[in-house]
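Participant: Structure incoming, see below.
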Amino acid sequence: VQIHFGTQRVKANEIRTDFLQIYPNVGAYLIYHQPHFKVSVGDFKTRLEALKFLKEIQPLYSTSSLIREEVKLPESN
């Protein structure tokens with residue numbers, strides 16, 4: 001789930017920090033693809049999981065959207 005897309009690094013970091021204060025157990029990643037900074041959150045196994053979380057956070061992050069990214073899934077024992 002992408003919650004920010006813009007050209008200002010400081011703004012992207014602020015959004016990531018704010019998100020982590022609200023959702024400390026959800027991964028939040030700052031990604032740079034010149035000239036844009038993106039903040040992506042969550043490591044979802046399925047699109048359905050991502051959609052559910054997107055609906056939860058949209059009131060706070062109205063420009064959030066689903067994106068396809070490589071995710072870091074927890075290791076299975």
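Going through the structure tokens in order, the chains are called A, B, and so on, while each chain numbers its residues from 1 and the ligands are numbered from 1 in the order shown.
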Apply DSSP to the backbone of this structure and, from chain A, keep only the residues in strand (DSSP E); write these as a list in words.
Facilitator: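 DSSP on the backbone gives strand (DSSP E) at Gln2, Ile3, His4, Phe5, Gly6, Ala28, Tyr29, Leu30, Ile31, Tyr32, His33, His36, Phe37, Lys38, Val39, Ser40 and Val41 of chain A.
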Participant: Next, write the just-selected residues to a file, as a PDB file, in the first residue's frame, keeping C-alpha atoms as the atom set.
Facilitator:
ATOM      1  CA  GLN A   2       1.479   3.328  -1.020  1.00  0.00           C
ATOM      2  CA  ILE A   3       0.584   6.246   1.248  1.00  0.00           C
ATOM      3  CA  HIS A   4       2.781   8.972  -0.271  1.00  0.00           C
ATOM      4  CA  PHE A   5       4.308   9.910  -3.621  1.00  0.00           C
ATOM      5  CA  GLY A   6       6.212  13.159  -4.035  1.00  0.00           C
ATOM      6  CA  ALA A  28       6.871   1.373   6.486  1.00  0.00           C
ATOM      7  CA  TYR A  29       9.407   1.891   3.711  1.00  0.00           C
ATOM      8  CA  LEU A  30      10.839   4.999   2.105  1.00  0.00           C
ATOM      9  CA  ILE A  31      11.653   4.258  -1.524  1.00  0.00           C
ATOM     10  CA  TYR A  32      13.440   6.607  -3.887  1.00  0.00           C
ATOM     11  CA  HIS A  33      12.982   6.375  -7.661  1.00  0.00           C
ATOM     12  CA  HIS A  36      10.215  10.753  -6.478  1.00  0.00           C
ATOM     13  CA  PHE A  37      10.044   9.536  -2.898  1.00  0.00           C
ATOM     14  CA  LYS A  38       7.417   6.941  -2.116  1.00  0.00           C
ATOM     15  CA  VAL A  39       6.241   5.678   1.241  1.00  0.00           C
ATOM     16  CA  SER A  40       4.913   2.139   1.111  1.00  0.00           C
ATOM     17  CA  VAL A  41       3.469   0.320   4.091  1.00  0.00           C
TER      18      VAL A  41
END
Participant: Can you list, as a list in words, every residue of stretch 32-67 of chain A that DSSP puts in helix (DSSP H, G or I)?
Facilitator: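 Here are the helix (DSSP H, G or I) residues of stretch 32-67 of chain A: Arg47, Leu48, Glu49, Ala50, Leu51, Lys52, Phe53, Leu54, Lys55, Glu56 and Ile57 of chain A.
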Participant: Can you write out the residues you just picked, keeping all heavy atoms, as a compact mmCIF listing (two decimals), in the first residue's frame?
Facilitator:
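Result written to again03.txt:
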# COMPACT_ATOMS: atom_id res chain seq x y z
N ARG A 47 -3.57 -9.78 -2.18
CA ARG A 47 -4.19 -8.51 -2.57
C ARG A 47 -5.37 -8.19 -1.64
O ARG A 47 -5.59 -7.03 -1.30
CB ARG A 47 -4.64 -8.59 -4.03
CG ARG A 47 -5.27 -7.32 -4.55
CD ARG A 47 -5.62 -7.47 -6.03
NE ARG A 47 -6.29 -6.30 -6.52
CZ ARG A 47 -5.69 -5.20 -6.97
NH1 ARG A 47 -4.37 -5.15 -6.97
NH2 ARG A 47 -6.38 -4.17 -7.40
N LEU A 48 -6.08 -9.21 -1.23
CA LEU A 48 -7.23 -9.02 -0.34
C LEU A 48 -6.79 -8.41 1.01
O LEU A 48 -7.44 -7.50 1.52
CB LEU A 48 -7.96 -10.34 -0.12
CG LEU A 48 -9.27 -10.27 0.65
CD1 LEU A 48 -10.28 -9.37 -0.05
CD2 LEU A 48 -9.84 -11.66 0.81
N GLU A 49 -5.69 -8.91 1.56
CA GLU A 49 -5.16 -8.35 2.81
C GLU A 49 -4.80 -6.87 2.61
O GLU A 49 -5.08 -6.03 3.46
CB GLU A 49 -3.92 -9.10 3.27
CG GLU A 49 -4.16 -10.48 3.78
CD GLU A 49 -2.86 -11.20 4.11
OE1 GLU A 49 -1.77 -10.64 3.92
OE2 GLU A 49 -2.94 -12.36 4.56
N ALA A 50 -4.16 -6.58 1.49
CA ALA A 50 -3.76 -5.20 1.20
C ALA A 50 -4.97 -4.29 1.04
O ALA A 50 -4.99 -3.17 1.53
CB ALA A 50 -2.88 -5.16 -0.05
N LEU A 51 -5.99 -4.78 0.35
CA LEU A 51 -7.22 -3.99 0.17
C LEU A 51 -7.90 -3.68 1.51
O LEU A 51 -8.38 -2.57 1.73
CB LEU A 51 -8.21 -4.73 -0.74
CG LEU A 51 -8.05 -4.53 -2.22
CD1 LEU A 51 -8.94 -5.49 -3.00
CD2 LEU A 51 -8.35 -3.10 -2.61
N LYS A 52 -7.93 -4.66 2.38
CA LYS A 52 -8.54 -4.48 3.69
C LYS A 52 -7.80 -3.38 4.46
O LYS A 52 -8.42 -2.50 5.05
CB LYS A 52 -8.52 -5.79 4.47
CG LYS A 52 -9.17 -5.70 5.82
CD LYS A 52 -9.14 -7.04 6.52
CE LYS A 52 -9.69 -6.91 7.93
NZ LYS A 52 -9.60 -8.16 8.67
N PHE A 53 -6.47 -3.41 4.44
CA PHE A 53 -5.69 -2.41 5.14
C PHE A 53 -5.84 -1.04 4.48
O PHE A 53 -5.93 -0.02 5.16
CB PHE A 53 -4.22 -2.82 5.22
CG PHE A 53 -3.42 -1.95 6.13
CD1 PHE A 53 -3.61 -2.00 7.50
CD2 PHE A 53 -2.48 -1.08 5.62
CE1 PHE A 53 -2.87 -1.18 8.35
CE2 PHE A 53 -1.74 -0.26 6.46
CZ PHE A 53 -1.94 -0.31 7.83
N LEU A 54 -5.88 -1.02 3.16
CA LEU A 54 -6.07 0.24 2.43
C LEU A 54 -7.36 0.92 2.88
O LEU A 54 -7.37 2.12 3.16
CB LEU A 54 -6.10 -0.02 0.92
CG LEU A 54 -6.42 1.17 0.03
CD1 LEU A 54 -5.35 2.24 0.12
CD2 LEU A 54 -6.60 0.72 -1.41
N LYS A 55 -8.44 0.16 2.98
CA LYS A 55 -9.71 0.73 3.42
C LYS A 55 -9.62 1.28 4.85
O LYS A 55 -10.24 2.28 5.18
CB LYS A 55 -10.83 -0.30 3.31
CG LYS A 55 -11.23 -0.55 1.88
CD LYS A 55 -12.38 -1.52 1.79
CE LYS A 55 -12.72 -1.74 0.34
NZ LYS A 55 -13.95 -2.50 0.16
N GLU A 56 -8.83 0.62 5.68
CA GLU A 56 -8.66 1.06 7.07
C GLU A 56 -7.92 2.40 7.15
O GLU A 56 -8.27 3.26 7.95
CB GLU A 56 -7.89 0.00 7.87
CG GLU A 56 -7.66 0.37 9.31
CD GLU A 56 -6.88 -0.70 10.06
OE1 GLU A 56 -6.95 -1.89 9.70
OE2 GLU A 56 -6.18 -0.33 11.02
N ILE A 57 -6.91 2.58 6.31
CA ILE A 57 -6.07 3.78 6.44
C ILE A 57 -6.50 4.93 5.54
O ILE A 57 -6.03 6.05 5.72
CB ILE A 57 -4.58 3.47 6.19
CG1 ILE A 57 -4.33 3.04 4.75
CG2 ILE A 57 -4.08 2.43 7.18
CD1 ILE A 57 -2.86 3.01 4.37
Participant: Could you check which of A:Ser62, A:Gly42, A:Glu69, A:Pro35 is closest to A:Tyr23, using only C-alpha atoms?
Facilitator: A:Gly42
Participant: Could you please determine the separation between atom CA of A:Asp43 and atom CA of A:Gly27 in Å, to one decimal place?
Facilitator: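 Going from atom CA of A:Asp43 over to atom CA of A:Gly27 covers 6.8 Å.
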